[in-house]
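Asker: First the structure, then my questions, so here it is.
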Amino acid sequence: MTHTTADQWEARIAELLSPDGLLPLGWLEINGNPALLIGNIGSSQWPAFSKSNQLSDGQPDPMNRWTQAILSNLATQLPSLGIGEIRYPFGEPNWPFQDYARRALGIEQSPIGLLIHPQFGLWMAFRGVLIFSARFEVPKPYPSTHPCVSCQDKPCLNTCPVGAFTLENYDYLSCKSHVASAAGAACREEGCLARNACPVGQVHAYEQPHQAFHMQALD
């Protein structure tokens with residue numbers, strides 16, 4: 001098969017995922033099989049997720065359960081594509097999604113550990129990867145410049161109120177403790193201050209309810 005076939009399948013998957021705000025992000029190969037990384041850019045999935053049963057039913061891990069429902073339903077709608085496996089960045093086993101994203105998008109880590117895209121900045125999330133049973137050629141990622149190389153001030157490293165981020169480490173416990181405290185209201189309600197300080201892709205920053213949802217997950 002050709003790149004055109006991969007492009008056609010990607011277009012069909014994008015069409016089916018569009019109402020839920022998820023989208024194909026890039027192709028890679030996993031154990032020799034074509035694989036398509038799925039995720040969201042900015043708060044693209046928030047309108048659909050915020051109205052979902054998974055968010056309102058009071059059960060744990062609503063976004064993870066919502067993602068599984070959307071992608072499982074996608075696989076049943078497209079049996080001709082031969083989606084042999086769906087992997088998620090949560091649960092067990094612990095799949096290497098940062099490696100998948102590097103290979104699919106040609107991007108690298110920011111100083112605070114999150115992968116950074118030259119256009120979308122830190123505001124891209126990886127929700128799953130579709131692995132196909134059929135073998136076909138997949139497009140290679142376009143070469144990507146690393147925006148952090150030319151960033152002199154590194155505001156992402158100087159903004160956290162408790163200094164949780166360094167080039168060597170993320171102090172999760174200090175971050176979690178601060179976010180849960182009275183002093184952490186800004187982080188808890190408006191999102192991670194270090195992440196928001198990055199100047200790249202600010203137009204794609206998560207909406208406030210979306211930011212607060214993720215910060216609550218630190219509890």
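Chain labels A, B, ... are given in the sequence in which chains occur in the structure tokens; within each chain residues are numbered consecutively from 1, and ligands are likewise numbered from 1 in the order shown.
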Can you list, as a count of residues only, all residues belonging to chain A that DSSP tags as strand (DSSP E or B)?

Answerer: 39

Asker: I'd like the neighbourhood of Met124 of chain A as a JSON list (two decimals) with all heavy atoms, in the first residue's frame, where a residue qualifies if any of its atoms comes within 6 Å (using only C-alpha atoms), though same-chain residues fewer than 3 positions away should be ignored.

Answerer:
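Below is the file part.json, written as the result:
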```
[["chain", "number", "residue", "atom", "x", "y", "z"],
["A", 40, "ASN", "N", -5.32, 15.08, 21.53],
["A", 40, "ASN", "CA", -6.02, 16.36, 21.40],
["A", 40, "ASN", "C", -4.99, 17.49, 21.37],
["A", 40, "ASN", "O", -3.89, 17.37, 21.90],
["A", 40, "ASN", "CB", -7.01, 16.59, 22.55],
["A", 40, "ASN", "CG", -6.38, 16.53, 23.93],
["A", 40, "ASN", "OD1", -6.22, 15.45, 24.50],
["A", 40, "ASN", "ND2", -6.04, 17.68, 24.49],
["A", 41, "ILE", "N", -5.37, 18.58, 20.73],
["A", 41, "ILE", "CA", -4.58, 19.80, 20.72],
["A", 41, "ILE", "C", -5.38, 20.86, 21.45],
["A", 41, "ILE", "O", -6.55, 21.12, 21.15],
["A", 41, "ILE", "CB", -4.28, 20.25, 19.28],
["A", 41, "ILE", "CG1", -3.37, 19.22, 18.59],
["A", 41, "ILE", "CG2", -3.63, 21.63, 19.27],
["A", 41, "ILE", "CD1", -3.17, 19.47, 17.11],
["A", 42, "GLY", "N", -4.74, 21.46, 22.46],
["A", 42, "GLY", "CA", -5.47, 22.39, 23.30],
["A", 42, "GLY", "C", -6.67, 21.70, 23.94],
["A", 42, "GLY", "O", -6.61, 20.52, 24.30]]
```

Asker: Name all residues at most 12 Å from Ser110 of chain A (count only C-alpha atoms; drop same-chain ones fewer than 3 positions away) and give them as a VMD selection string.

Answerer: chain A and resid 98 107 113 to 118 121 to 123 146 to 151 154 to 157 165 to 168 194 to 195 198 200

Asker: Could you write those residues out with C-alpha atoms, as a compact mmCIF listing (two decimals), in the first residue's frame?

Answerer:
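Okay, out31.txt is ready:
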```txt
# COMPACT_ATOMS: atom_id res chain seq x y z
CA GLN A 98 6.71 9.74 24.98
CA ILE A 107 9.49 16.33 18.92
CA GLY A 113 9.68 17.06 31.08
CA LEU A 114 6.62 17.46 28.88
CA LEU A 115 7.14 17.01 25.16
CA ILE A 116 6.96 20.31 23.31
CA HIS A 117 5.71 20.93 19.78
CA PRO A 118 7.04 23.93 17.82
CA GLY A 121 3.81 24.08 22.60
CA LEU A 122 3.00 22.07 25.72
CA TRP A 123 -0.69 21.92 24.86
CA HIS A 146 13.20 22.30 19.18
CA PRO A 147 11.78 25.63 20.41
CA CYS A 148 13.53 25.38 23.79
CA VAL A 149 17.00 25.63 22.22
CA SER A 150 16.50 29.31 21.37
CA CYS A 151 14.61 30.14 24.60
CA LYS A 154 13.39 29.35 30.39
CA PRO A 155 10.40 30.80 32.29
CA CYS A 156 9.04 27.28 32.77
CA LEU A 157 11.92 26.64 35.22
CA PHE A 165 10.97 21.75 38.22
CA THR A 166 14.68 21.56 37.50
CA LEU A 167 16.58 20.25 34.50
CA GLU A 168 17.30 17.10 36.48
CA ALA A 194 5.27 26.57 34.95
CA ARG A 195 3.42 25.10 31.99
CA CYS A 198 6.01 28.71 28.32
CA VAL A 200 5.28 28.58 22.74
```

Asker: I'd like the contact shell of Pro209 of chain A - 10 Å cut-off, only C-alpha atoms, skipping same-chain residues fewer than 4 positions apart - returned as a list in words.

Answerer: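 Non-adjacent residues within range: Ser43, Trp46, Ser50, Glu189, Glu190, Gly191, Phe213, His214 and Met215 of chain A.
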
Asker: Counting only C-alpha atoms, figure out which residue out of A:Asp61, A:Gly32, A:Phe49, A:Glu92 gets nearest to Pro19 of chain A.

Answerer: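 Counting only C-alpha atoms, the residue closest to Pro19 of chain A is A:Phe49.
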
Asker: Using DSSP on the backbone, list every residue of segment 13-184 of chain A that comes out as helix (DSSP H, G or I), and give them as JSON, numbers by chain.

Answerer: {"A": [13, 14, 15, 16, 17, 18, 19, 20, 46, 47, 48, 49, 50, 53, 54, 55, 56, 62, 63, 64, 65, 66, 67, 68, 69, 70, 71, 72, 73, 74, 75, 76, 77, 79, 80, 81, 97, 98, 99, 100, 101, 102, 103, 104, 105, 155, 156, 157, 158, 172, 173, 174, 175, 176, 177, 178, 179, 180, 182, 183, 184]}

Asker: Rank A:Glu29, A:Asp171, A:Glu137, A:Asp153 by their smallest atom-to-atom distance to Arg102 of chain A, using only C-alpha atoms, and report the top residue only.

Answerer: A:Glu29

Asker: Can you tell me, as a PyMOL selection string, what residues are no more than 6 Å from Leu130 of chain A when counting only C-alpha atoms, ignoring any on the same chain fewer than 2 positions away?

Answerer: chain A and resi 35-36+86

Asker: What does the structure give for the distance between atom CA of Asp57 of chain A and atom CA of Tyr88 of chain A, in Å to one decimal?

Answerer: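 Going from atom CA of Asp57 of chain A over to atom CA of Tyr88 of chain A, I get 21.5 Å.
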
Asker: Pick from A:Asn73, A:Ser44, A:Asn64, A:Asn158: nearest to Ala205 of chain A, with only C-alpha atoms counted?

Answerer: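 Looking at the shortest contact to Ala205 of chain A, the residue is A:Ser44.
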
Asker: Quick one: of A:Ile131, A:Leu105, A:Leu17, A:Ala217, who's nearest to Leu74 of chain A, counting only C-alpha atoms?

Answerer: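 Answer, going by the shortest atom-to-atom distance: A:Leu17.
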